[in-house]
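A.B. asks: Just dropping this structure here.
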Amino acid sequence: MGLKAALSGFVVFLLSVQVVQGQDGWAVTYTPTEICASRGSTVDMRCTYKYPSRMNYHYIIIERTFWFARQDGNGPVDLKTDPQYSGRVDVQCGDNDCTLRITDLRESDSAEYKFRFITNQPGGRYSGLPGVTLSVTDPDLQVQVRTYSYSTWAELTCHSSCRLPARPSFVWYKNGEKIETQTSSSYSEHFGYADSYSCAVAGHEDSPSPPVCVRGQSCNKVTYAHRRICAFKGSSVDISCTYNSYETIRSKYWFSPGRSPLQYSDRVQVLDEGVRGQSCNKVTYAHRRICAFKGSSVDISCTYNSYESIRSTFWFSPGRSLQWQSPSQVDSQHRVQVLDEGGGRSTLRINVQVQESKQRQIQEQNSGQPQG
């Protein structure tokens, strides 16, 4: 199997600027330097390295090379011998280059990975710093909607901001009910105005995307504040959601599939905070906080609704006196693009500024030294 991981058409946040550490002929170059990937996926980390031909008047010979993510009392631990990576690590090295592949990624794999080579000379050891920063998360999915005027036909795309498992299958839900599993990230059908849709990666059904309406925001949907909650044994926990219906809501209740209500006798309380319709003026952001790698691109998404007809929409930055209108307006100076997806959804995309990346590359070069 080739070392090039399949990206399956999804956006992957990789900082591809090469970082070179070293001096006096010693150097390691990592590509990429930062990776965002989903649980269960596969990543490749590649480096090239160089060293002087002689040291202390003796020819230098490479005796050992390896990747590591942690150290113990004896120094860096070779990933190939680290029990927590057993059966999941493959290293392929050529002439002054070495590629690390980690499969079946876990959240515990989030770390900084570095390459080390050891020569035949005393003190002739070198590790490139900094290494490759890997962030492993649940699939961060969003359903993107494309509709056609005067038609009930819609094309839905399950989009991820991080690398997904190779050749993933996608599970589609309509009004919270599973309707189809397929290998394509796109799904098309005639929609009803009451219907909502969401998607998940097969094997990660506990991390589906938020449900979206194809047109407007008045479809049937339930959006949970958290898909996972960790709580101490014996403690109390709040499980919250917002809900909406295309028609009048007659009753509502919480339930746990496969569990009898008697298991929760005298331990459950439902607090209804009084949702009265969903046709008010509101903007709901997909994420209140976003952590992004320096030099990467980022999407800031929201859904919106109005009690009256919407005449115009735009994004703005308070205190900066900047406004960006849709659809698909690009501001080259500020590297901003607005993507109006229809159905009350909009995304502000802030792109990489190439010139700044080049300047950072120059500043980061030649800052390391051989390590003993």
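If you're wondering about the labels, chains in the structure tokens are A, B, ... by order shown, residues count from 1 in each chain, ligands from 1 in order shown.
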Could you list, as number ranges by chain, every residue within 7 Å of A:Thr347, counting only C-alpha atoms and ignoring same-chain residues fewer than 4 positions away?

C.D. replies: A: 299-302, 338-340

A.B. asks: Record the distance separating atom CA of A:Val270 and atom CA of A:Ser240, expressed in Å with one decimal.

C.D. replies: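 Rounded to one decimal, the two atoms are 9.8 Å apart.
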
A.B. asks: Atom CA of A:Gly319 to atom CA of A:Phe293: how many Å, to one decimal?

C.D. replies: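 Going from atom CA of A:Gly319 over to atom CA of A:Phe293 covers 23.8 Å.
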
A.B. asks: I need the helix (DSSP H, G or I) residues of stretch 99-337 of chain A per DSSP on the backbone, written as a PyMOL selection string.

C.D. replies: chain A and resi 107-109+261-264

A.B. asks: Using only C-alpha atoms, which protein or nucleic acid residues come within 12 Å of A:Tyr49? Drop anything in the same chain fewer than 3 positions from it, and give the result as number ranges by chain.

C.D. replies: A: 19-23, 25-31, 46, 52, 62, 65, 93-99, 114-118, 126-128

A.B. asks: So that I can check the secondary structure, give me every residue of stretch 21-71 of chain A assigned strand (DSSP E) by backbone DSSP, as a ChimeraX atom specification.

C.D. replies: /A:21,27-31,34-38,43-50,54-55,58-59,62-71

A.B. asks: Can those selected residues be exported to a file as a compact mmCIF listing (two decimals), in the first residue's frame so that it contains N, CA and C atoms?

C.D. replies:
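Generated output (result-v8.txt):
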# COMPACT_ATOMS: atom_id res chain seq x y z
N GLN A 21 15.37 22.92 10.92
CA GLN A 21 16.09 23.19 12.15
C GLN A 21 17.52 22.67 11.99
N ALA A 27 20.43 19.17 9.88
CA ALA A 27 19.09 19.73 9.68
C ALA A 27 18.06 18.62 9.51
N VAL A 28 16.81 18.91 9.91
CA VAL A 28 15.66 18.05 9.66
C VAL A 28 14.54 18.94 9.14
N THR A 29 13.89 18.51 8.05
CA THR A 29 12.78 19.25 7.47
C THR A 29 11.54 18.39 7.52
N TYR A 30 10.46 18.90 8.17
CA TYR A 30 9.21 18.16 8.31
C TYR A 30 8.16 18.70 7.34
N THR A 31 7.41 17.77 6.73
CA THR A 31 6.31 18.14 5.85
C THR A 31 5.17 17.14 6.01
N GLU A 34 1.92 20.39 10.90
CA GLU A 34 0.73 20.30 11.74
C GLU A 34 -0.36 19.55 10.99
N ILE A 35 -1.02 18.63 11.68
CA ILE A 35 -2.04 17.79 11.06
C ILE A 35 -3.26 17.70 11.97
N CYS A 36 -4.44 17.85 11.37
CA CYS A 36 -5.70 17.62 12.07
C CYS A 36 -6.34 16.39 11.43
N ALA A 37 -6.68 15.38 12.23
CA ALA A 37 -7.25 14.14 11.69
C ALA A 37 -8.31 13.59 12.62
N SER A 38 -9.22 12.81 12.07
CA SER A 38 -10.31 12.21 12.83
C SER A 38 -9.90 10.86 13.40
N VAL A 43 -2.54 8.79 9.05
CA VAL A 43 -1.75 9.97 8.70
C VAL A 43 -0.34 9.56 8.32
N ASP A 44 0.27 10.37 7.47
CA ASP A 44 1.67 10.23 7.11
C ASP A 44 2.42 11.48 7.55
N MET A 45 3.58 11.28 8.15
CA MET A 45 4.48 12.38 8.52
C MET A 45 5.82 12.10 7.84
N ARG A 46 6.31 13.08 7.10
CA ARG A 46 7.53 12.88 6.33
C ARG A 46 8.59 13.88 6.75
N CYS A 47 9.82 13.43 6.74
CA CYS A 47 10.93 14.34 7.01
C CYS A 47 12.09 14.01 6.10
N THR A 48 12.91 15.00 5.83
CA THR A 48 14.20 14.80 5.18
C THR A 48 15.25 15.33 6.14
N TYR A 49 16.44 14.77 6.08
CA TYR A 49 17.47 15.19 7.03
C TYR A 49 18.83 15.23 6.34
N LYS A 50 19.74 15.98 6.93
CA LYS A 50 21.10 16.05 6.40
C LYS A 50 22.08 16.21 7.56
N ARG A 54 31.81 14.81 7.78
CA ARG A 54 32.82 14.48 8.78
C ARG A 54 32.51 15.18 10.10
N MET A 55 33.02 14.56 11.19
CA MET A 55 32.92 15.14 12.52
C MET A 55 34.15 14.69 13.29
N HIS A 58 36.50 12.50 11.44
CA HIS A 58 36.10 11.15 11.09
C HIS A 58 34.85 11.20 10.22
N TYR A 59 34.74 10.24 9.31
CA TYR A 59 33.55 10.18 8.48
C TYR A 59 32.33 9.79 9.32
N ILE A 62 25.44 6.96 9.53
CA ILE A 62 24.18 6.85 10.26
C ILE A 62 24.02 5.41 10.76
N GLU A 63 23.84 5.25 12.07
CA GLU A 63 23.69 3.93 12.66
C GLU A 63 22.25 3.60 13.00
N ARG A 64 21.45 4.62 13.28
CA ARG A 64 20.06 4.34 13.66
C ARG A 64 19.18 5.55 13.39
N THR A 65 17.96 5.29 12.94
CA THR A 65 16.97 6.36 12.76
C THR A 65 15.64 5.87 13.34
N PHE A 66 14.86 6.79 13.91
CA PHE A 66 13.54 6.41 14.44
C PHE A 66 12.71 7.66 14.73
N TRP A 67 11.39 7.46 14.84
CA TRP A 67 10.45 8.50 15.23
C TRP A 67 10.05 8.27 16.69
N PHE A 68 9.74 9.36 17.40
CA PHE A 68 9.31 9.22 18.78
C PHE A 68 8.34 10.34 19.15
N ALA A 69 7.55 10.09 20.21
CA ALA A 69 6.60 11.10 20.70
C ALA A 69 6.75 11.34 22.19
N ARG A 70 7.53 10.51 22.87
CA ARG A 70 7.73 10.69 24.30
C ARG A 70 9.11 10.17 24.69
N GLN A 71 9.53 10.47 25.91
CA GLN A 71 10.81 10.01 26.42
C GLN A 71 10.61 9.32 27.77

A.B. asks: Here is a test: counting only C-alpha atoms, which residue of A:Lys221, A:Lys178, A:His226, A:Arg259 is nearest to A:Asn244?

C.D. replies: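 Under the stated criterion, the closest residue is A:Lys221.
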
A.B. asks: When you draw a straight line from atom CA of A:Val298 to atom CA of A:Cys230, how long is it in Å?

C.D. replies: 28.1 Å

A.B. asks: Point out the residue among A:Arg267, A:His204, A:Arg39, A:Arg227 with the least atom-to-atom distance to A:Ser110, counting only C-alpha atoms.

C.D. replies: A:Arg39

A.B. asks: Skip A:Ser108 itself and residues of its chain fewer than 3 positions away, then list as a VMD selection string all residues within 10 Å of it, counting only C-alpha atoms.

C.D. replies: chain A and resid 39 84 105 111 135 to 137

A.B. asks: Please dump the current selection as an mmCIF file, in the first residue's frame; keep C-alpha atoms.

C.D. replies:
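Saved as again.cif:
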data_model
loop_
_atom_site.group_PDB
_atom_site.id
_atom_site.type_symbol
_atom_site.label_atom_id
_atom_site.label_comp_id
_atom_site.auth_asym_id
_atom_site.auth_seq_id
_atom_site.Cartn_x
_atom_site.Cartn_y
_atom_site.Cartn_z
ATOM 1 C CA ARG A 39 -10.345 9.150 15.043
ATOM 2 C CA GLN A 84 0.478 2.082 22.782
ATOM 3 C CA LEU A 105 -5.747 7.016 15.070
ATOM 4 C CA ALA A 111 1.125 14.748 20.441
ATOM 5 C CA SER A 135 -4.398 16.700 16.723
ATOM 6 C CA VAL A 136 -6.870 13.769 16.721
ATOM 7 C CA THR A 137 -10.552 14.558 17.244
#

A.B. asks: Using only C-alpha atoms, find the one residue out of A:Ala154, A:Leu348, A:Val171, A:Val145 that sits nearest to A:Phe191.

C.D. replies: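 Smallest separation from A:Phe191 among the options: A:Ala154.
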
A.B. asks: Skipping near chain neighbours, those fewer than 2 positions away, what residues fall within 12 Å of A:Cys213 using only C-alpha atoms, listed as a PyMOL selection string?

C.D. replies: chain A and resi 143-147+154+156+174-175+191-198+210-211+215-223+244-246+303-305+341-345
